[in-house]
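Worksheet: one structure, shown below.
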Amino acid sequence: MLSILFGLSSALAWGAADFCGGLASRKAKAWQAVLFGQAVGLAALLVAAFLSGEALIGWFDWLLCAIAGSTGTLGLLLFFISMTRGRMSVAAPVSALMAAFLPVVVGMFTDGFPGWLTFGGFALALASIWFISQPDGGPKGLRLRLADLSLPLVAGITFGVYLILMHRGSQDGLFWPMVASRSAGVAVMIVYALAARRPVLPPKSAWPLIVLNGLLDITGNAFYILAGHAGRMDVAAVLASLYPGSTVALAGLFLHERINRLQVAGIAAALAAIVLMTI
């Protein structure tokens, strides 16, 4: 049960982080929001790691988490690019579905078949991610082209790799695995910023949202790691991948964006999936 609660908390935090990051990207460049959001998270994690007195993780776990962080950051950049080149209604669900699907496949090999009820919960959760991510009007008339699918698929694969490697590398810690991951992510973004040769600092108006994004993102990471400690990786990953529901709810609450019928159906499917996973 703790794994379910932690997984849902991860989805809520990550969805809120995406909401803040999306608003910050309207005031600054997307890569600026990612870079400084990750830097804020890293600073907070270093303070938490030292104050907690948590022991350092081994070099192999550190390496796994660093690879996870750099891969996840690369995926985030690809995800933003895919939204500018293609349709957001395709990019969001395709990447989230791939992020959830890969840990499910790996989990079947490492932890065994989860049982038919839990497996049914996985199927409902994957369907709910797609429905929740649909904009007004749903998929009517949507033409899926390779150009729309290629980058979201690659981004989703990198997110899935992040979830898998982060779970493996964080078995002996909480804060230091995230420090390793976030350090690598910040390094990747610094290289990208230097290559872009553009003004690095975002406008002042974006900073409150960037700080919130960074803090909420590490909160989501922490809950995902705790969910993996308490239960199966695949359950934690699928529940954490329900984050679009949180983003949609916040957009409806603060931006007064309309929640359509498909999104309501997706939320209902997500609730049903949670019930199946807890039986």
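Chains: A, B, ... in order of the structure tokens. Residues: from 1 per chain. Ligands: from 1, in order shown.
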*Considering only C-alpha atoms, return as a PyMOL selection string whatever protein or nucleic-acid residues lie within 9 Å of Gly169 (chain A), sequence-local ones (same chain, fewer than 3 positions apart) excluded.*
chain A and resi 57+60-65+68+164-166+172-173+177
Next, dump the selected residues to file, keeping only C-alpha atoms, as a PDB file, in the first residue's frame.
ATOM      1  CA  ILE A  57      26.250   5.346  -2.315  1.00  0.00           C
ATOM      2  CA  PHE A  60      28.461   1.768  -9.435  1.00  0.00           C
ATOM      3  CA  ASP A  61      25.140   3.046  -8.078  1.00  0.00           C
ATOM      4  CA  TRP A  62      26.413   6.608  -8.530  1.00  0.00           C
ATOM      5  CA  LEU A  63      27.249   5.814 -12.147  1.00  0.00           C
ATOM      6  CA  LEU A  64      23.806   4.308 -12.763  1.00  0.00           C
ATOM      7  CA  CYS A  65      22.077   7.372 -11.299  1.00  0.00           C
ATOM      8  CA  ALA A  68      19.802   8.047 -15.517  1.00  0.00           C
ATOM      9  CA  ILE A 164      14.661   1.797 -14.588  1.00  0.00           C
ATOM     10  CA  LEU A 165      18.215   2.953 -13.847  1.00  0.00           C
ATOM     11  CA  MET A 166      17.146   5.290 -11.057  1.00  0.00           C
ATOM     12  CA  ASP A 172      20.847   2.027  -0.811  1.00  0.00           C
ATOM     13  CA  GLY A 173      19.885   5.658  -0.494  1.00  0.00           C
ATOM     14  CA  PRO A 177      21.181   8.967  -5.691  1.00  0.00           C
TER      15      PRO A 177
END
*asked:* If we count only C-alpha atoms and set the cut-off at 6 Å, which residues sit around Val238 (chain A), ignoring sequence neighbours fewer than 3 positions away in its own chain? Please answer as a PyMOL selection string.
replied: chain A and resi 100+235+241
Selection export as a PDB file, in the first residue's frame, atoms kept: N, CA and C atoms:
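Output saved as out.pdb:
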ATOM      1  N   ALA A 100       6.175   4.515 -19.126  1.00  0.00           N
ATOM      2  CA  ALA A 100       5.561   3.526 -18.235  1.00  0.00           C
ATOM      3  C   ALA A 100       5.743   2.106 -18.755  1.00  0.00           C
ATOM      4  N   VAL A 235       5.091  -1.099 -10.690  1.00  0.00           N
ATOM      5  CA  VAL A 235       3.940  -0.425 -10.077  1.00  0.00           C
ATOM      6  C   VAL A 235       4.274   1.039  -9.822  1.00  0.00           C
ATOM      7  N   SER A 241       3.785   7.675 -13.742  1.00  0.00           N
ATOM      8  CA  SER A 241       3.540   8.139 -15.106  1.00  0.00           C
ATOM      9  C   SER A 241       2.134   8.691 -15.301  1.00  0.00           C
TER      10      SER A 241
END
*Could you write out, as a PyMOL selection string, all the residues of region 99-213 of chain A that DSSP marks as helix (DSSP H, G or I)?*
chain A and resi 99-110+116-132+146-169+175-196+204-213
Selection: 6 Å around region 16-23 of chain A, only C-alpha atoms, excl. self and same-chain fewer than 5 positions, as a short mmCIF file (atom, residue, chain, number, x, y, z; two decimals) with C-alpha atoms, in the first residue's frame:
data_model
loop_
_atom_site.label_atom_id
_atom_site.label_comp_id
_atom_site.auth_asym_id
_atom_site.auth_seq_id
_atom_site.Cartn_x
_atom_site.Cartn_y
_atom_site.Cartn_z
CA LEU A 209 8.06 29.31 -11.26
CA ASN A 213 9.52 23.51 -10.72
CA LEU A 216 8.51 19.87 -7.03
CA ASP A 217 10.58 17.81 -9.47
CA THR A 247 -1.02 18.83 -14.81
#
Where does region 117-221 of chain A meet region 42-50 of chain A within 12 Å, residue by residue, with the nearest atom pair and distance in Å to one decimal for each, counting only C-alpha atoms, listed by chain and rising number, as JSON lines?
{"residue": "A:Gly173", "atom": "CA", "partner": "A:Ala49", "partner_atom": "CA", "distance": 9.8}
{"residue": "A:Leu174", "atom": "CA", "partner": "A:Ala49", "partner_atom": "CA", "distance": 8.4}
{"residue": "A:Phe175", "atom": "CA", "partner": "A:Ala49", "partner_atom": "CA", "distance": 5.2}
{"residue": "A:Trp176", "atom": "CA", "partner": "A:Ala49", "partner_atom": "CA", "distance": 6.2}
{"residue": "A:Pro177", "atom": "CA", "partner": "A:Ala49", "partner_atom": "CA", "distance": 9.7}
{"residue": "A:Met178", "atom": "CA", "partner": "A:Leu45", "partner_atom": "CA", "distance": 7.2}
{"residue": "A:Val179", "atom": "CA", "partner": "A:Leu45", "partner_atom": "CA", "distance": 6.0}
{"residue": "A:Ala180", "atom": "CA", "partner": "A:Leu42", "partner_atom": "CA", "distance": 9.1}
{"residue": "A:Ser181", "atom": "CA", "partner": "A:Leu42", "partner_atom": "CA", "distance": 9.0}
{"residue": "A:Arg182", "atom": "CA", "partner": "A:Leu42", "partner_atom": "CA", "distance": 5.7}
{"residue": "A:Ser183", "atom": "CA", "partner": "A:Leu42", "partner_atom": "CA", "distance": 6.7}
{"residue": "A:Ala184", "atom": "CA", "partner": "A:Leu42", "partner_atom": "CA", "distance": 10.0}
{"residue": "A:Gly185", "atom": "CA", "partner": "A:Leu42", "partner_atom": "CA", "distance": 9.4}
{"residue": "A:Val186", "atom": "CA", "partner": "A:Leu42", "partner_atom": "CA", "distance": 8.1}
{"residue": "A:Ala187", "atom": "CA", "partner": "A:Leu42", "partner_atom": "CA", "distance": 11.1}
{"residue": "A:Val211", "atom": "CA", "partner": "A:Ala44", "partner_atom": "CA", "distance": 10.3}
{"residue": "A:Leu212", "atom": "CA", "partner": "A:Ala44", "partner_atom": "CA", "distance": 11.7}
{"residue": "A:Gly214", "atom": "CA", "partner": "A:Leu42", "partner_atom": "CA", "distance": 8.3}
{"residue": "A:Leu215", "atom": "CA", "partner": "A:Ala44", "partner_atom": "CA", "distance": 7.6}
{"residue": "A:Leu216", "atom": "CA", "partner": "A:Ala44", "partner_atom": "CA", "distance": 11.0}
{"residue": "A:Asp217", "atom": "CA", "partner": "A:Leu42", "partner_atom": "CA", "distance": 10.5}
{"residue": "A:Ile218", "atom": "CA", "partner": "A:Leu45", "partner_atom": "CA", "distance": 7.9}
{"residue": "A:Thr219", "atom": "CA", "partner": "A:Leu45", "partner_atom": "CA", "distance": 9.9}
{"residue": "A:Asn221", "atom": "CA", "partner": "A:Leu45", "partner_atom": "CA", "distance": 11.0}
Skip Ile274 (chain A) itself and residues of its chain fewer than 5 positions away, then list as a PDB file with C-alpha atoms, in the first residue's frame all residues within 8 Å of it, counting only C-alpha atoms.
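Dumped everything to selection_1.pdb:
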ATOM      1  CA  ILE A   4       0.774   2.942  -4.169  1.00  0.00           C
ATOM      2  CA  GLY A 121      -4.351  -2.111 -13.622  1.00  0.00           C
ATOM      3  CA  ALA A 125      -3.305   3.127 -16.344  1.00  0.00           C
ATOM      4  CA  LEU A 239       1.630   5.213 -11.068  1.00  0.00           C
TER       5      LEU A 239
END
*Any idea what's packed within 9 Å of Leu5 (chain A), counting only C-alpha atoms, ignoring anything in its chain fewer than 4 positions away? Could you give it as a list of chain:residue names?*
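Within the cut-off, the hits are A:Met1, A:Ser9, A:Ser10, A:Phe223, A:Ala227.
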Next, write the just-selected residues to a file, as a compact mmCIF listing (two decimals), in the first residue's frame, keeping N, CA and C atoms as the atom set.
# COMPACT_ATOMS: atom_id res chain seq x y z
N MET A 1 0.82 -1.21 0.00
CA MET A 1 0.00 0.00 0.00
C MET A 1 0.85 1.27 0.00
N SER A 9 1.86 10.01 -5.07
CA SER A 9 2.46 11.28 -4.64
C SER A 9 3.50 11.75 -5.66
N SER A 10 4.25 10.80 -6.22
CA SER A 10 5.21 11.14 -7.26
C SER A 10 4.50 11.73 -8.48
N PHE A 223 9.64 10.64 -4.06
CA PHE A 223 8.50 9.73 -3.87
C PHE A 223 8.61 8.51 -4.78
N ALA A 227 8.69 4.78 -3.48
CA ALA A 227 7.73 3.79 -3.99
C ALA A 227 8.45 2.52 -4.41
*Compile the contact shell of Thr73 (chain A) as a PyMOL selection string: residues with an atom at most 8 Å away, counting only C-alpha atoms, same-chain residues fewer than 4 positions apart removed.*
chain A and resi 69+77+185+188-189
*asked:* For a quick check of understanding, using only C-alpha atoms, which of A:Phe101, A:Tyr243, A:Trp59, A:Phe36 has the smallest distance to Ile157 (chain A)?
replied: A:Phe101
